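Peer 1: Mind looking over this structure? Questions follow.
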Amino acid sequence: MSASTLATARPTNAVPARAGVLARLARLWRLALGDFRDRVRRPAYAVTLLAAVGLGLLAVPPTDGHWAILALGRFRGEYNSAYVGTATALAGALWLTLGGFYVVRKGLGRDEETGVGRILAATPLRTAELLLAKFLGNLLVLASMLGVLALTAPALQLVRGEDRALDPAALLTPFLVLTLPLLAATAALAVLFETVPLLRGGLGNVLWALCAPVLLIAGEKPGAPLGGLGLGPAAASLRDALAARGVDLGSDEFSLGLTRVDTPLEAFRWDGAGLDGGFLVQRLLLVLLAVALAALPALWFTRFDPARGASSERRMPTGGGEAAPVPSAPPVLPILPLLPLTLPAPVAVRPGRGPGFGRLLFGEARILFADASRWWWLVAAGLVAAGLAVPPDAGAGALLPAAWIWPVLLWSRLGSRSAEYGLESLLGAYPAARARLLAEWTAGVLLTALLGAGVLVRLAAAGDTAGVAAWSAGALFIPSLALALGTLSRTHRLFQALYLPLWYLVVNQVAAVDFMGAVHRDGRLAGPSPVLVTALTLALLATTLLTTSARRTLRD
């Protein structure tokens, strides 16, 4: 074939291939868009959008406020487009990465629960295409949250009023370059976690809360290949701007996170960070890595097909040379004679007292502890023993957070187990539903107290009444939060998504959210009053009771 003939033939042969690629891309987009539309119909999506607006308010606080998300020592940038865009984008990179993972990580699981996965398994859709569609669906959800945050930024700039000249490029560039690549990585890792049996449950949620901040911080070190949060260029540019004004920061560090300051931060003019080509290449590589991670589970993911990977099934050849499973005969069930059944009379249970409540509490405790293995109890015993061995201040500051993160998977089942196992209607008909709910909460309190018992004994022995009061308020607050969130959402994931970041803030010495008495300043507790924590606990319990009563009324 001559060169001219080959050149003429190429377009003809390329048209079907190009059309096939475009058709696959269109199918991929339709699947992702359908998944996104399914999620935005849920009430939880509206809550996530409101949370994005709240995040913007935190990122650009009032000029005389005592809270800051982004600070360089005692300074902050003037609220112009460059600083507002960078501050909100970095806040989104941190919090939407940590919390957004829990919002999007149930895409494949929901298909499996609803039976849609079986339909997909019967289609010619490739496994890699399905995984990439889920990745795009996750990214669309996270990007919509980021979009709300990006729309909040110019409004906040105008409201704060330090500089009302809007620069769209300076406002939007940080969202596209700093935050969106991290959200792509989060969307891909959510897909990856769902395809690994060990990580698809609560263990994966805990590992994400513990490891994601470490990975983000490690990415900020010089020489890190993917750039982490993107703090490096912003921090260097801010320091240079202050140095040009003759300000020596000394040992002051660039901080990103919710921080209380004693006096309002001083503003200075900053026109944005210049992002060089090397940094942009890093962010592009992060997006490509995210796509590869999303498609990687195609090597082992069975795509909801029960026939794949089953060694016990017989197969026969088909005309196309592939093997098809031979259907097996359904099992024959023995026919048993019907026996007369006499139901016992209902037993009246008096809420809060009597042997009836004791039996309820024992049963709820057995259910709550059922998922705890011997290794779990061994670690729990070690935490209690360590709390008895260390000084009271060290125990409350370090060991108590460790003890009160260990049962997070057990706590998360409070209030949600009946709905997730399809027992809500059955248990709702129980004549003493409130007593059962109280027994479930009491079992959670006992679990919390058991894990923190070592620290409590040391605090009491040292005569630290303030520490004991804070410990007691925390022991009541945690199961109340779990029970309320589980009852409202009917899933264990909401408590895990909210409690883990809250616990992370306490570990990082954010006194404003210290519900357990772990943050000390000058030898004294720096967190909220135990009375306030207890009041919040009562509000959570009241919310739980009202929700349960309303559902029972509607059901009746």
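Chain labels A, B, ... are given in the sequence in which chains occur in the structure tokens; within each chain residues are numbered consecutively from 1, and ligands are likewise numbered from 1 in the order shown.
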Among stretch 94-194 of chain A, which residues carry a DSSP assignment of alpha helix (DSSP H), reported as an MDAnalysis selection string?

Peer 2: chainID A and resid 94:104 107:114 116:121 127:160 168:174 180:194

Peer 1: With a distance cut-off of 10 Å and only C-alpha atoms, select the neighbouring residues of A:Met516, excluding the residue or stretch itself and same-chain residues fewer than 3 positions from it, and output the selection as a PyMOL selection string.

Peer 2: chain A and resi 396-397+400-401+404+467-478+503+506+513+519+525+527-528+530+533

Peer 1: Take the residues from that selection and write them out as a compact mmCIF listing (two decimals), in the first residue's frame, keeping C-alpha atoms.

Peer 2:
```
# COMPACT_ATOMS: atom_id res chain seq x y z
CA ALA A 396 -6.47 13.28 80.54
CA GLY A 397 -4.46 14.98 77.81
CA LEU A 400 -8.20 9.73 77.36
CA PRO A 401 -8.42 10.71 73.65
CA TRP A 404 -12.22 7.38 73.56
CA GLY A 467 -11.16 16.95 85.67
CA VAL A 468 -13.68 14.45 87.03
CA ALA A 469 -16.55 16.75 86.05
CA ALA A 470 -15.17 17.16 82.51
CA TRP A 471 -14.64 13.39 82.24
CA SER A 472 -18.21 12.71 83.38
CA ALA A 473 -19.66 15.20 80.91
CA GLY A 474 -17.67 13.62 78.08
CA ALA A 475 -18.74 10.10 79.07
CA LEU A 476 -22.38 11.17 78.77
CA PHE A 477 -21.90 13.26 75.64
CA ILE A 478 -20.31 10.67 73.33
CA TRP A 503 -11.84 14.08 68.08
CA VAL A 506 -9.40 17.85 70.46
CA VAL A 513 -14.55 21.71 71.05
CA VAL A 519 -6.97 20.52 76.65
CA LEU A 525 -9.03 23.11 81.72
CA GLY A 527 -12.49 23.75 77.08
CA PRO A 528 -16.20 24.41 77.51
CA PRO A 530 -18.95 20.57 81.85
CA VAL A 533 -21.46 19.85 77.61
```

Peer 1: Using only C-alpha atoms, which residue out of A:Ala385, A:Ala461, A:Ala273, A:Ile367 lies closest to A:Leu410?

Peer 2: A:Ile367

Peer 1: What does the distance from atom CA of A:Thr302 to atom CA of A:Ala128 come to in Å, to one decimal?

Peer 2: 10.8 Å

Peer 1: For stretch 73-78 of chain A, find every residue with an atom within 9 Å (counting only C-alpha atoms), except residues of its own chain fewer than 3 positions away, and show them as JSON, numbers by chain.

Peer 2: {"A": [68, 70, 82, 83, 84, 162, 163, 238, 242, 249, 251, 252, 253, 254, 255, 261, 263, 264, 265, 266, 267, 268, 269, 270, 271]}

Peer 1: Taking only C-alpha atoms into account, which of A:Leu360, A:Leu130, A:Ala466, A:Val116 comes nearest A:Ala526?

Peer 2: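 Smallest distance to A:Ala526 is found for A:Ala466.
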
Peer 1: List the neighbours of A:Gly100 out to 10 Å using only C-alpha atoms; skip same-chain residues closer than 2 positions along the sequence, and give me the result as a ChimeraX atom specification.

Peer 2: /A:48,92-98,102-105,138-139,141-142,145,183,186-187,190,497

Peer 1: Residues as selected, N, CA and C atoms, written as a compact mmCIF listing (two decimals), in the first residue's frame, can you do that?

Peer 2:
```txt
# COMPACT_ATOMS: atom_id res chain seq x y z
N THR A 48 -24.73 18.96 53.45
CA THR A 48 -23.33 19.15 53.07
C THR A 48 -23.11 20.51 52.40
N GLY A 92 -11.05 24.54 52.21
CA GLY A 92 -11.76 23.48 51.52
C GLY A 92 -10.87 22.28 51.25
N ALA A 93 -9.61 22.53 50.92
CA ALA A 93 -8.68 21.42 50.68
C ALA A 93 -8.52 20.57 51.92
N LEU A 94 -8.52 21.20 53.09
CA LEU A 94 -8.34 20.44 54.33
C LEU A 94 -9.63 19.74 54.75
N TRP A 95 -10.70 20.52 54.90
CA TRP A 95 -11.90 19.95 55.50
C TRP A 95 -12.75 19.17 54.52
N LEU A 96 -12.81 19.57 53.25
CA LEU A 96 -13.57 18.78 52.29
C LEU A 96 -12.86 17.47 51.96
N THR A 97 -11.54 17.45 52.07
CA THR A 97 -10.82 16.20 51.87
C THR A 97 -11.10 15.23 53.01
N LEU A 98 -11.03 15.73 54.25
CA LEU A 98 -11.24 14.86 55.40
C LEU A 98 -12.70 14.42 55.51
N TYR A 102 -16.29 10.79 53.67
CA TYR A 102 -17.42 10.08 54.27
C TYR A 102 -18.72 10.37 53.52
N VAL A 103 -18.78 11.48 52.83
CA VAL A 103 -19.99 11.83 52.08
C VAL A 103 -20.13 10.95 50.84
N VAL A 104 -19.03 10.60 50.19
CA VAL A 104 -19.10 9.94 48.88
C VAL A 104 -18.71 8.46 48.91
N ARG A 105 -18.34 7.93 50.04
CA ARG A 105 -17.72 6.60 50.01
C ARG A 105 -18.70 5.44 49.90
N ASN A 138 -18.43 10.64 42.43
CA ASN A 138 -17.89 11.16 43.69
C ASN A 138 -17.30 12.55 43.50
N LEU A 139 -16.56 12.72 42.41
CA LEU A 139 -15.92 14.01 42.16
C LEU A 139 -16.95 15.10 41.91
N VAL A 141 -19.93 15.28 43.22
CA VAL A 141 -20.50 15.65 44.52
C VAL A 141 -19.54 16.57 45.27
N LEU A 142 -18.28 16.19 45.33
CA LEU A 142 -17.30 17.01 46.04
C LEU A 142 -17.09 18.35 45.34
N MET A 145 -19.80 20.80 46.23
CA MET A 145 -19.54 21.43 47.52
C MET A 145 -18.48 22.52 47.39
N LEU A 183 -9.53 16.86 45.89
CA LEU A 183 -10.85 16.24 45.89
C LEU A 183 -10.91 15.08 44.90
N THR A 186 -9.43 12.25 46.73
CA THR A 186 -10.39 11.77 47.72
C THR A 186 -11.47 10.91 47.08
N ALA A 187 -11.99 11.36 45.93
CA ALA A 187 -13.01 10.59 45.22
C ALA A 187 -12.48 9.23 44.78
N ALA A 190 -12.03 6.91 47.85
CA ALA A 190 -13.32 6.40 48.32
C ALA A 190 -13.74 5.17 47.53
N ALA A 497 -18.43 10.10 60.62
CA ALA A 497 -17.98 11.26 59.84
C ALA A 497 -17.85 12.51 60.70
```

Peer 1: Report, in Å to a single decimal, how far apart atom CA of A:Val455 and atom CA of A:Leu388 are.

Peer 2: 6.1 Å

Peer 1: For A:Leu541, which of A:Arg37, A:Arg434, A:Arg245, A:Arg283 is the closest residue, counting only C-alpha atoms?

Peer 2: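 Smallest distance to A:Leu541 is found for A:Arg434.
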
Peer 1: Give me, as an MDAnalysis selection string, all polymer residues having an atom no more than 12 Å from A:Ala298, counting only C-alpha atoms and skipping those fewer than 6 positions away in the same chain.

Peer 2: chainID A and resid 126:132 191:192 195:196 292

Peer 1: Which polymer residues have any atom within 10 Å of an atom of A:Leu505, counting only C-alpha atoms, with same-chain residues fewer than 4 positions away left out, as a list of chain:residue names?

Peer 2: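 Listed by chain and then number, they are A:Gly257, A:Leu258, A:Thr259, A:Tyr499, A:Leu500, A:Pro501, A:Gln509, A:Val510, A:Ala511, A:Ala512, A:Val513, A:Asp514.
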
Peer 1: Find the spatial neighbours of A:Leu488, counting only C-alpha atoms, within a cut-off of 10 Å - ignore same-chain residues fewer than 6 positions away - and output them as a list of chain:residue names.

Peer 2: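 The contact residues come out as A:Gly415, A:Ser416, A:Ala482, A:Leu494, A:Thr543, A:Thr544, A:Thr547, A:Thr548.
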
Peer 1: Measure the distance from atom CA of A:Arg41 to atom CA of A:Ala188 in Å and round it to one decimal.

Peer 2: 22.3 Å

Peer 1: Given the choices A:Leu171, A:Leu178, A:Leu289, A:Ala122, which gets closest to A:Gln157 if the distance is worked out from only C-alpha atoms?

Peer 2: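 Looking only at the distances to A:Gln157, the closest residue turns out to be A:Leu171.
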
Peer 1: Between A:Leu275, A:Trp377, A:Ala518, A:Leu447, which residue has the minimum interatomic distance to A:Pro392, considering only C-alpha atoms?

Peer 2: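 Residue with the minimum atom-to-atom distance to A:Pro392: A:Ala518.
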
Peer 1: So that I can check the secondary structure, give me every residue of stretch 13-111 of chain A assigned strand (DSSP E) by backbone DSSP, as an MDAnalysis selection string.

Peer 2: chainID A and resid 67:72 75:77

Peer 1: Emit the selected residues as an mmCIF file, in the first residue's frame, including C-alpha atoms.

Peer 2:
```
data_model
loop_
_atom_site.group_PDB
_atom_site.id
_atom_site.type_symbol
_atom_site.label_atom_id
_atom_site.label_comp_id
_atom_site.auth_asym_id
_atom_site.auth_seq_id
_atom_site.Cartn_x
_atom_site.Cartn_y
_atom_site.Cartn_z
ATOM 1 C CA TRP A 67 -11.049 32.867 65.336
ATOM 2 C CA ALA A 68 -8.893 32.132 62.329
ATOM 3 C CA ILE A 69 -8.528 29.373 59.761
ATOM 4 C CA LEU A 70 -5.457 30.789 58.005
ATOM 5 C CA ALA A 71 -2.840 32.805 59.915
ATOM 6 C CA LEU A 72 0.851 33.620 59.850
ATOM 7 C CA PHE A 75 -0.884 38.448 60.830
ATOM 8 C CA ARG A 76 -3.355 37.679 58.067
ATOM 9 C CA GLY A 77 -3.800 38.936 54.573
#
```

Peer 1: For A:Thr152, which of A:Ala403, A:Val60, A:Gly463, A:Leu280 is the closest residue, counting only C-alpha atoms?

Peer 2: A:Val60
